[in-house]
Every structure is written in C-alpha cells, then in structure tokens.
Amino acid sequence: MTFPFSTLMVQGTTSDAGKSTVVAALCRLLVREGVRVAPFKPQNMALNSAVTSDGGEIGRAQALQAIAARIAPHTDMNPVLLKPSSDTGAQVIIHGEVRSDMQARDYHNYKPVAMQAVLASHARLADQYDVVLVEGAGSPAEINLRDRDIANMGFAEAVDCPVILVADIDRGGVFAHLVGTLACLSESERARIVGFVINRFRGDIGLLEPGLRWLEQQTGKPVLAVLPYLHDLFLDAEDAVATVQSTRGAFRVVVPVPPRISNHTDFDALRAHPDIDLQLVGPGQPIPPADLIILPGSKNTRADLAWLIANGWREVLHKHLRYGGKVIGICGGYQMLGKTIADPHGVEGEAGTSDGLGLLDIHTELTRDKRLQQVSGRCAFADVDVAGYEIHMGVSHGDDQHRPVFMLDGHADGARSADDCVLGTYLHGLFDTPAACDALLRWAGLASGQTVDTAALREESLERLADATQPLLDALKKLSI
C-alpha cells in the first residue's frame, strides 16, 4: 500500500490520552499491509524501560510499539529517556546510555544538544523504514515548555511532519481539550495538525455526532476516527502504575509502591494469573495480609528504602516471615533486602550508606556503571528455563549469594536466605517465562499448575487494538500530503 506520510506524529491533549496505543495500533496495521514501519519517541520520561537489541535502554512503550511493528527494539526509537530520581531531577539517557544526572533547569539548557541526538536517530530510522510513527510526550499545549521543545511541536516543526491530535473522551471535557490545545499553538503548529482522534469512547455514537460536527466547524479540522474503549488489554504500561488489581484467586501477593518504583511491568504476569490476588499498596493504604510480598525495582533505592521503613514495611515483613510467608526482592528491592546499601559516589542522590532490611546476608555498593543486558538461563532451585533483562547500577556480594536464584549466561544471579524464605534477584521479567513463573510461585507456596503466557496475551491485545483502530488508518489513507 501507499501511505501518504513518511513521518506522522501522534500528539495528545493530555498525558495518557492514548498516544502510545494509537502508535502501536498503527504500527501493527501498517506491517499487516507490508509497510516497513518503525516507532519513534524523541523524548520520554518514564521509569518503565526496556533493554534493546543494541544493548541500550529505551522507554517500555517504544519496545511495545516495536513488537507491534514486528521489529527488534533499538535505541534510535527513543533517543532521549529521562528517568526521574527526584521531583526536580532525572537521569538523562541519550541513545540508550546514561549521560548524566541533571536538575530540570540544567536539562532545559541541555535540550539543544539532546535535539541533535533526536534528529540523528530520526534520520537513521527514516533511511531504513518506509514510515516512522512518532509519539509525542504530554501535551503540545504546555506553553511554558515551548522554548527548546524537542518532544512535541518543536520536533514536528524541525522535521516538517504532519500531526494527529488524540483526546481521551472517557476522562471528560474532550471538546475543551481539543479546542483549548489548538488555541495554545502557534499558527504554523495548528496548520500541521491534519485531524483529531477521539479515544476511549463508550456509548451511543449518535449522541456524540452533534459535538463532532460542532468541533469540525469550529476548528476546520476533521475528526479522523472515534476509537472505542477496549477492556482488558494486556499491554505494557509506559509509566503509570496500573490501578487495576487482580482479585482472581486466593493466593495473596502484595507489592508496595514506593515513590520511585521502576519496571512495575514485572507484575503484569501475576496480575493476569487466575490463581493470584495481586494488591499494589501505596502510601497511606492499609497493608493487607499476604502469602508473598514482593519488593519492586527502584530508581532511587535508598530513598525508597527509607519510604518503606517510614510506612511500616519493616515490621510487616518481619511479622510476615514469622508466620511462614515468603519474600522476593527484584533489583532495587533485592538490594533493600540486604544488610547495607552504600552510595559512595552519590549515584542516586546524596552520598552515604543506609542500613538495609537485613533479610539477606548481602551488601550492595552503587556504582556509576549501569548494567544493561538481555539475559537467559536456568533457575538454580528448579529445572526450568528463564529469560529477562538486567537494568541496575550496583554490585552486591555476601554469603547468601552461595545460594543463587538463577544461572544467567554463565554467571550466578541473586541470593536466597538460609531458611529459603527470602529470595532476591537482579532479573527483571522473571515472571514472564511461564515455567519460571510457575517455579517461583511453587517456591512461594502456590502449586496451581496454571501458567500465563505474557507474550501471547500481548500479541492478542495488539491484534484486537489494531482491529479497533482500522477506521483511523482508513481515514489517514484518504488524506493528501
């Protein structure tokens, strides 16, 4: 087929308007028709990341979009990734590698340099693929960020590409969002918007049509598609922690949600498991009883450890273990389970050492070098394969590592306590391999035999999402350049 645009940008009136899913759906629709398509997001701010085929780090949403396009994730698909370490600072990752930690104002001054990385990545993708589908960040109406913008209209103007604007009708105020966004744009920016997409609609379309006609008359822009609200999609979240819990089964898994939780997609397989009741517990929420408690990864391990202790989790964990419960720590959560966490170089904030929870006999030192690698191997406590990825800054050592959790690409990973009630690992995605997930749950006390194939669930959701988005692709094909 012939697609009218070699680069098309999808922007949103708000965060979580549906930009990521629209790009993923269009990637799958185009590749179905034989088009070589690649996703692209100039700048992403997210703590959910993925390891790429070229050994770098990008936002989780772009990895999902690459899967939709049936290509391997690459660092060019998200050349600038910001991983917040505080309310005003973030780790800046360029082309998959850590560049430095910057405060917000310093990064604003750095944007012209970042833009060169963005344009170089886009040029390489444009040379390799027929179509590049670009996802914006947040909203183009954030006029305080217009100067030196690289994430939305600043990029669109730089490469001279058309834009579609997505709004979420489910949250209300969809017409105000669209008209108000246009009003905040410059004349040239408004001109490059070729149409609107109204996302997550449920109800009688006939009741919406008068509003659609009004919107088109007011703005002179067409409504390209009204996309339905799709329930029960199994897709990787870009950043926000999923608020939907799983109350399917009787085996209770509880996960604390500290301020800098990272890679919480580790729990997607558990959320979908028919025998698991998964509860994610934030600040101020009561901590329910559990069979298994899992400490998640963290972008700021010592600060999140302090949060856990202040919110009563140390006492909860000790009581949980006294009554026969099991505990798993993943990455930063693994480090927290140890005796000490030292940050002599101030990698994640102020330099210093924190006492850990003392549930594993290990000590951790945070290092400037980040380990980024896709890995596979075997469980050390069960005869099954496992695969996943490592993203961490730090090295752990101690006697409990003589009882590893996994053997990954020739090296031992993780540690288990002497009584085999506490387990820690640097491996993300540990529950995504069905056999490994079953082995871990058996270790924790659930011997159900039920498994969840996350890859199959993701593929089914991408196909369903693409089918629902077909009207948008049909409308785009009819547009002239």
# chains A, B, ... in the order shown; residues from 1 in each chain; ligands from 1
>>> residues_around(residues="stretch 427-435 of chain A", least_positions_apart="3", cutoff="7 Å", atoms="only C-alpha atoms", output="PDB file with N, CA and C atoms, in the first residue's frame")
ATOM      1  N   ASP A 266       7.003  -5.894  35.726  1.00  0.00           N
ATOM      2  CA  ASP A 266       7.377  -7.209  36.252  1.00  0.00           C
ATOM      3  C   ASP A 266       6.159  -7.961  36.805  1.00  0.00           C
ATOM      4  N   ALA A 269       2.361 -10.347  34.653  1.00  0.00           N
ATOM      5  CA  ALA A 269       2.008 -11.774  34.574  1.00  0.00           C
ATOM      6  C   ALA A 269       1.244 -12.221  35.807  1.00  0.00           C
ATOM      7  N   ILE A 330      13.231  -7.637  43.822  1.00  0.00           N
ATOM      8  CA  ILE A 330      13.678  -7.532  42.434  1.00  0.00           C
ATOM      9  C   ILE A 330      14.512  -6.270  42.272  1.00  0.00           C
ATOM     10  N   CYS A 331      15.743  -6.424  41.824  1.00  0.00           N
ATOM     11  CA  CYS A 331      16.655  -5.314  41.511  1.00  0.00           C
ATOM     12  C   CYS A 331      16.827  -4.414  42.738  1.00  0.00           C
ATOM     13  N   VAL A 384      14.075 -25.454  35.223  1.00  0.00           N
ATOM     14  CA  VAL A 384      13.317 -24.742  34.188  1.00  0.00           C
ATOM     15  C   VAL A 384      14.148 -23.582  33.647  1.00  0.00           C
ATOM     16  N   ASP A 385      13.816 -23.180  32.422  1.00  0.00           N
ATOM     17  CA  ASP A 385      14.468 -22.042  31.780  1.00  0.00           C
ATOM     18  C   ASP A 385      13.860 -20.732  32.269  1.00  0.00           C
ATOM     19  N   VAL A 386      14.638 -19.661  32.126  1.00  0.00           N
ATOM     20  CA  VAL A 386      14.165 -18.320  32.450  1.00  0.00           C
ATOM     21  C   VAL A 386      14.828 -17.334  31.504  1.00  0.00           C
ATOM     22  N   ALA A 387      14.165 -16.223  31.243  1.00  0.00           N
ATOM     23  CA  ALA A 387      14.738 -15.155  30.402  1.00  0.00           C
ATOM     24  C   ALA A 387      14.213 -13.822  30.909  1.00  0.00           C
ATOM     25  N   GLY A 388      14.992 -12.780  30.686  1.00  0.00           N
ATOM     26  CA  GLY A 388      14.578 -11.452  31.110  1.00  0.00           C
ATOM     27  C   GLY A 388      15.653 -10.441  30.777  1.00  0.00           C
ATOM     28  N   TYR A 389      15.789  -9.436  31.625  1.00  0.00           N
ATOM     29  CA  TYR A 389      16.775  -8.385  31.351  1.00  0.00           C
ATOM     30  C   TYR A 389      17.244  -7.779  32.667  1.00  0.00           C
ATOM     31  N   GLU A 390      18.432  -7.194  32.613  1.00  0.00           N
ATOM     32  CA  GLU A 390      19.004  -6.530  33.779  1.00  0.00           C
ATOM     33  C   GLU A 390      19.177  -5.047  33.493  1.00  0.00           C
ATOM     34  N   ASP A 438       5.918 -20.321  37.191  1.00  0.00           N
ATOM     35  CA  ASP A 438       5.336 -21.436  37.956  1.00  0.00           C
ATOM     36  C   ASP A 438       6.305 -21.908  39.041  1.00  0.00           C
ATOM     37  N   ALA A 439       7.609 -21.988  38.719  1.00  0.00           N
ATOM     38  CA  ALA A 439       8.603 -22.432  39.703  1.00  0.00           C
ATOM     39  C   ALA A 439       8.711 -21.442  40.860  1.00  0.00           C
ATOM     40  N   THR A 451      -0.531 -21.419  34.275  1.00  0.00           N
ATOM     41  CA  THR A 451       0.519 -20.535  33.788  1.00  0.00           C
ATOM     42  C   THR A 451      -0.087 -19.424  32.950  1.00  0.00           C
ATOM     43  N   VAL A 452       0.675 -18.362  32.801  1.00  0.00           N
ATOM     44  CA  VAL A 452       0.260 -17.215  31.995  1.00  0.00           C
ATOM     45  C   VAL A 452       1.339 -16.947  30.958  1.00  0.00           C
ATOM     46  N   ASP A 453       0.956 -16.940  29.691  1.00  0.00           N
ATOM     47  CA  ASP A 453       1.879 -16.647  28.590  1.00  0.00           C
ATOM     48  C   ASP A 453       1.744 -15.171  28.245  1.00  0.00           C
ATOM     49  N   THR A 454       2.627 -14.339  28.809  1.00  0.00           N
ATOM     50  CA  THR A 454       2.508 -12.897  28.609  1.00  0.00           C
ATOM     51  C   THR A 454       2.702 -12.497  27.154  1.00  0.00           C
TER      52      THR A 454
END
>>> select_by_dssp(residues="stretch 38-271 of chain A", states="strand (DSSP E or B)", output="PyMOL selection string")
chain A and resi 38-40+43-45+49-51+57-59+80-84+89-94+97-103+131-135+163-168+193-201+223-228+246-247+251-256+261-262
>>> select_by_dssp(residues="stretch 31-141 of chain A", states="helix (DSSP H, G or I)", output="PyMOL selection string")
chain A and resi 31-32+60-68+75-77+104-128
>>> residues_around(residues="A:Gly96", least_positions_apart="6", cutoff="9 Å", atoms="only C-alpha atoms", output="list in words")
Val51, Thr52, Asp54, Gly55, Gly56, Glu57, Ile58, His74, Thr75, Asp76, Asn78, Pro79, Val80 and Leu81 of chain A
>>> write_last_selection(atoms="N, CA and C atoms", output="PDB file, in the first residue's frame")
ATOM      1  N   VAL A  51      15.446  -3.107  27.702  1.00  0.00           N
ATOM      2  CA  VAL A  51      16.784  -3.251  27.135  1.00  0.00           C
ATOM      3  C   VAL A  51      16.641  -3.611  25.650  1.00  0.00           C
ATOM      4  N   THR A  52      17.412  -2.944  24.799  1.00  0.00           N
ATOM      5  CA  THR A  52      17.273  -3.089  23.361  1.00  0.00           C
ATOM      6  C   THR A  52      18.257  -4.102  22.790  1.00  0.00           C
ATOM      7  N   ASP A  54      20.541  -3.533  20.738  1.00  0.00           N
ATOM      8  CA  ASP A  54      21.896  -2.977  20.654  1.00  0.00           C
ATOM      9  C   ASP A  54      22.461  -2.636  22.029  1.00  0.00           C
ATOM     10  N   GLY A  55      21.851  -3.189  23.090  1.00  0.00           N
ATOM     11  CA  GLY A  55      22.430  -3.069  24.422  1.00  0.00           C
ATOM     12  C   GLY A  55      22.212  -1.744  25.096  1.00  0.00           C
ATOM     13  N   GLY A  56      21.154  -1.034  24.737  1.00  0.00           N
ATOM     14  CA  GLY A  56      20.827   0.236  25.381  1.00  0.00           C
ATOM     15  C   GLY A  56      19.501   0.155  26.110  1.00  0.00           C
ATOM     16  N   GLU A  57      18.980   1.322  26.466  1.00  0.00           N
ATOM     17  CA  GLU A  57      17.775   1.412  27.283  1.00  0.00           C
ATOM     18  C   GLU A  57      16.817   2.413  26.657  1.00  0.00           C
ATOM     19  N   ILE A  58      15.555   2.006  26.492  1.00  0.00           N
ATOM     20  CA  ILE A  58      14.531   2.899  25.959  1.00  0.00           C
ATOM     21  C   ILE A  58      13.256   2.740  26.784  1.00  0.00           C
ATOM     22  N   HIS A  74      15.189  -0.802  19.340  1.00  0.00           N
ATOM     23  CA  HIS A  74      16.510  -0.207  19.123  1.00  0.00           C
ATOM     24  C   HIS A  74      16.553   1.147  19.808  1.00  0.00           C
ATOM     25  N   THR A  75      17.744   1.564  20.219  1.00  0.00           N
ATOM     26  CA  THR A  75      17.864   2.831  20.942  1.00  0.00           C
ATOM     27  C   THR A  75      17.462   4.029  20.094  1.00  0.00           C
ATOM     28  N   ASP A  76      17.529   3.925  18.775  1.00  0.00           N
ATOM     29  CA  ASP A  76      17.087   5.046  17.942  1.00  0.00           C
ATOM     30  C   ASP A  76      15.592   5.313  18.071  1.00  0.00           C
ATOM     31  N   ASN A  78      13.931   5.685  20.768  1.00  0.00           N
ATOM     32  CA  ASN A  78      13.715   6.605  21.891  1.00  0.00           C
ATOM     33  C   ASN A  78      15.069   7.185  22.287  1.00  0.00           C
ATOM     34  N   PRO A  79      15.572   8.154  21.524  1.00  0.00           N
ATOM     35  CA  PRO A  79      16.943   8.635  21.728  1.00  0.00           C
ATOM     36  C   PRO A  79      17.166   9.377  23.036  1.00  0.00           C
ATOM     37  N   VAL A  80      16.105   9.954  23.625  1.00  0.00           N
ATOM     38  CA  VAL A  80      16.253  10.665  24.894  1.00  0.00           C
ATOM     39  C   VAL A  80      15.267  10.069  25.900  1.00  0.00           C
ATOM     40  N   LEU A  81      15.800   9.463  26.956  1.00  0.00           N
ATOM     41  CA  LEU A  81      14.986   8.894  28.019  1.00  0.00           C
ATOM     42  C   LEU A  81      15.368   9.563  29.327  1.00  0.00           C
TER      43      LEU A  81
END
>>> residues_around(residues="stretch 302-312 of chain A", least_positions_apart="6", cutoff="9 Å", atoms="only C-alpha atoms", output="VMD selection string")
chain A and resid 256 to 261 283 to 284 332 to 333 336 341 to 343 348 to 349 353 to 357
>>> residues_around(residues="A:Val174", least_positions_apart="2", cutoff="12 Å", atoms="only C-alpha atoms", output="PDB file with C-alpha atoms, in the first residue's frame")
ATOM      1  CA  GLY A  12      -2.169  14.155  22.754  1.00  0.00           C
ATOM      2  CA  THR A  13      -4.140  16.823  24.545  1.00  0.00           C
ATOM      3  CA  THR A  14      -3.026  15.325  27.874  1.00  0.00           C
ATOM      4  CA  ALA A  17      -4.702  10.334  26.137  1.00  0.00           C
ATOM      5  CA  LEU A 165      -4.134  15.061  17.917  1.00  0.00           C
ATOM      6  CA  VAL A 166      -5.600  12.453  20.291  1.00  0.00           C
ATOM      7  CA  ALA A 167      -8.001  13.229  23.147  1.00  0.00           C
ATOM      8  CA  ASP A 168      -9.479  10.915  25.762  1.00  0.00           C
ATOM      9  CA  ILE A 169     -13.260  11.294  25.951  1.00  0.00           C
ATOM     10  CA  ASP A 170     -13.525   8.949  28.933  1.00  0.00           C
ATOM     11  CA  ARG A 171     -11.975  11.499  31.283  1.00  0.00           C
ATOM     12  CA  GLY A 172     -14.441  14.210  30.171  1.00  0.00           C
ATOM     13  CA  ALA A 176     -12.457  21.710  25.501  1.00  0.00           C
ATOM     14  CA  HIS A 177      -9.229  19.696  25.421  1.00  0.00           C
ATOM     15  CA  LEU A 178      -9.067  19.779  21.631  1.00  0.00           C
ATOM     16  CA  VAL A 179     -10.149  23.394  21.094  1.00  0.00           C
ATOM     17  CA  GLY A 180      -8.043  24.606  24.008  1.00  0.00           C
ATOM     18  CA  THR A 181      -4.955  22.794  22.739  1.00  0.00           C
ATOM     19  CA  PHE A 196      -8.369  14.653  15.531  1.00  0.00           C
ATOM     20  CA  VAL A 197      -8.772  11.234  17.134  1.00  0.00           C
ATOM     21  CA  ILE A 198     -11.279  10.824  19.956  1.00  0.00           C
ATOM     22  CA  ASN A 199     -10.189   7.898  22.071  1.00  0.00           C
ATOM     23  CA  ARG A 200     -11.852   5.566  24.605  1.00  0.00           C
ATOM     24  CA  PHE A 201     -15.463   6.223  23.585  1.00  0.00           C
ATOM     25  CA  LEU A 208     -21.758  12.252  20.036  1.00  0.00           C
ATOM     26  CA  GLY A 211     -20.457  17.510  19.035  1.00  0.00           C
ATOM     27  CA  LEU A 212     -18.248  16.143  16.265  1.00  0.00           C
ATOM     28  CA  LEU A 215     -15.834  20.581  16.563  1.00  0.00           C
ATOM     29  CA  VAL A 226     -13.666   7.767  17.208  1.00  0.00           C
TER      30      VAL A 226
END
>>> residues_around(residues="A:Arg322", least_positions_apart="5", cutoff="12 Å", atoms="only C-alpha atoms", output="JSON, numbers by chain")
{"A": [291, 315, 316, 317, 327, 419, 421, 422]}
>>> write_last_selection(atoms="C-alpha atoms", output="compact mmCIF listing (two decimals), in the first residue's frame")
# COMPACT_ATOMS: atom_id res chain seq x y z
CA ASP A 291 1.25 -15.16 51.19
CA GLU A 315 7.68 -4.55 60.77
CA VAL A 316 5.22 -6.02 58.26
CA LEU A 317 7.98 -8.04 56.57
CA VAL A 327 9.52 -12.50 50.25
CA ASP A 419 15.90 -20.75 55.63
CA CYS A 421 12.07 -17.86 52.82
CA VAL A 422 13.64 -14.78 51.20
>>> residues_around(residues="A:His411", least_positions_apart="5", cutoff="10 Å", atoms="only C-alpha atoms", output="ChimeraX atom specification")
/A:377,404,406
>>> write_last_selection(atoms="C-alpha atoms", output="tab-separated table (two decimals), in the first residue's frame")
chain	number	residue	atom	x	y	z
A	377	GLY	CA	19.46	-19.18	31.67
A	404	PRO	CA	21.79	-18.20	43.83
A	406	PHE	CA	19.31	-18.09	38.59
>>> closest_residue(among="A:Gly410, A:Glu135, A:Asn263, A:Asp420", to="A:Leu321", atoms="only C-alpha atoms")
A:Asp420
>>> closest_residue(among="A:Ala46, A:Cys161, A:Ile205, A:Ala466", to="A:Ile193", atoms="only C-alpha atoms")
A:Cys161
>>> closest_residue(among="A:Ala351, A:Met407, A:Val395, A:Ile287", to="A:Tyr334", atoms="only C-alpha atoms")
A:Val395
>>> closest_residue(among="A:Leu47, A:Leu133, A:Leu457, A:Leu292", to="A:Ile93", atoms="only C-alpha atoms")
A:Leu47
>>> closest_residue(among="A:Met77, A:Met45, A:Ala126, A:Val98", to="A:Arg368", atoms="only C-alpha atoms")
A:Val98
>>> atom_distance(atom1="atom CA of A:Arg271", atom2="atom CA of A:Phe234")
9.8 Å
>>> decode(residues="stretch 365-395 of chain A", atoms="N, CA and C atoms", output="short mmCIF file (atom, residue, chain, number, x, y, z; two decimals), in the first residue's frame")
data_model
loop_
_atom_site.label_atom_id
_atom_site.label_comp_id
_atom_site.auth_asym_id
_atom_site.auth_seq_id
_atom_site.Cartn_x
_atom_site.Cartn_y
_atom_site.Cartn_z
N GLU A 365 26.98 -2.03 46.85
CA GLU A 365 27.57 -0.72 46.57
C GLU A 365 27.08 -0.25 45.21
N LEU A 366 26.47 0.93 45.19
CA LEU A 366 26.01 1.51 43.94
C LEU A 366 27.21 2.05 43.16
N THR A 367 27.20 1.81 41.87
CA THR A 367 28.32 2.19 41.00
C THR A 367 27.83 3.11 39.89
N ARG A 368 28.77 3.81 39.29
CA ARG A 368 28.40 4.72 38.20
C ARG A 368 28.03 3.96 36.93
N ASP A 369 28.58 2.77 36.75
CA ASP A 369 28.29 1.99 35.55
C ASP A 369 26.96 1.28 35.69
N LYS A 370 26.16 1.34 34.64
CA LYS A 370 24.86 0.67 34.63
C LYS A 370 24.97 -0.61 33.82
N ARG A 371 24.45 -1.69 34.37
CA ARG A 371 24.41 -2.95 33.65
C ARG A 371 23.10 -3.02 32.87
N LEU A 372 23.22 -3.16 31.55
CA LEU A 372 22.08 -3.25 30.65
C LEU A 372 22.27 -4.48 29.78
N GLN A 373 21.44 -5.49 29.96
CA GLN A 373 21.65 -6.70 29.20
C GLN A 373 20.40 -7.57 29.18
N GLN A 374 20.08 -8.11 28.01
CA GLN A 374 19.09 -9.17 27.90
C GLN A 374 19.78 -10.48 28.24
N VAL A 375 19.16 -11.28 29.10
CA VAL A 375 19.81 -12.50 29.59
C VAL A 375 18.83 -13.66 29.57
N SER A 376 19.40 -14.85 29.59
CA SER A 376 18.60 -16.07 29.70
C SER A 376 19.42 -17.12 30.43
N GLY A 377 18.74 -18.13 30.94
CA GLY A 377 19.46 -19.18 31.67
C GLY A 377 18.50 -20.15 32.32
N ARG A 378 18.88 -20.60 33.51
CA ARG A 378 18.10 -21.61 34.22
C ARG A 378 17.87 -21.17 35.66
N CYS A 379 16.77 -21.62 36.22
CA CYS A 379 16.54 -21.43 37.65
C CYS A 379 17.52 -22.32 38.42
N ALA A 380 18.09 -21.79 39.49
CA ALA A 380 19.02 -22.58 40.31
C ALA A 380 18.28 -23.48 41.29
N PHE A 381 17.01 -23.22 41.53
CA PHE A 381 16.25 -24.01 42.51
C PHE A 381 15.18 -24.88 41.84
N ALA A 382 15.14 -24.87 40.49
CA ALA A 382 14.17 -25.69 39.76
C ALA A 382 14.72 -25.93 38.36
N ASP A 383 14.33 -27.03 37.75
CA ASP A 383 14.87 -27.43 36.45
C ASP A 383 14.04 -26.80 35.32
N VAL A 384 14.07 -25.45 35.22
CA VAL A 384 13.32 -24.74 34.19
C VAL A 384 14.15 -23.58 33.65
N ASP A 385 13.82 -23.18 32.42
CA ASP A 385 14.47 -22.04 31.78
C ASP A 385 13.86 -20.73 32.27
N VAL A 386 14.64 -19.66 32.13
CA VAL A 386 14.17 -18.32 32.45
C VAL A 386 14.83 -17.33 31.50
N ALA A 387 14.17 -16.22 31.24
CA ALA A 387 14.74 -15.15 30.40
C ALA A 387 14.21 -13.82 30.91
N GLY A 388 14.99 -12.78 30.69
CA GLY A 388 14.58 -11.45 31.11
C GLY A 388 15.65 -10.44 30.78
N TYR A 389 15.79 -9.44 31.63
CA TYR A 389 16.77 -8.39 31.35
C TYR A 389 17.24 -7.78 32.67
N GLU A 390 18.43 -7.19 32.61
CA GLU A 390 19.00 -6.53 33.78
C GLU A 390 19.18 -5.05 33.49
N ILE A 391 18.72 -4.22 34.42
CA ILE A 391 18.95 -2.77 34.38
C ILE A 391 19.25 -2.36 35.82
N HIS A 392 20.53 -2.17 36.14
CA HIS A 392 20.82 -1.75 37.51
C HIS A 392 22.20 -1.13 37.60
N MET A 393 22.34 -0.27 38.60
CA MET A 393 23.61 0.34 38.94
C MET A 393 23.95 -0.15 40.34
N GLY A 394 24.90 -1.03 40.44
CA GLY A 394 25.27 -1.55 41.75
C GLY A 394 25.77 -2.98 41.68
N VAL A 395 26.58 -3.34 42.65
CA VAL A 395 27.13 -4.69 42.76
C VAL A 395 26.86 -5.18 44.17
#
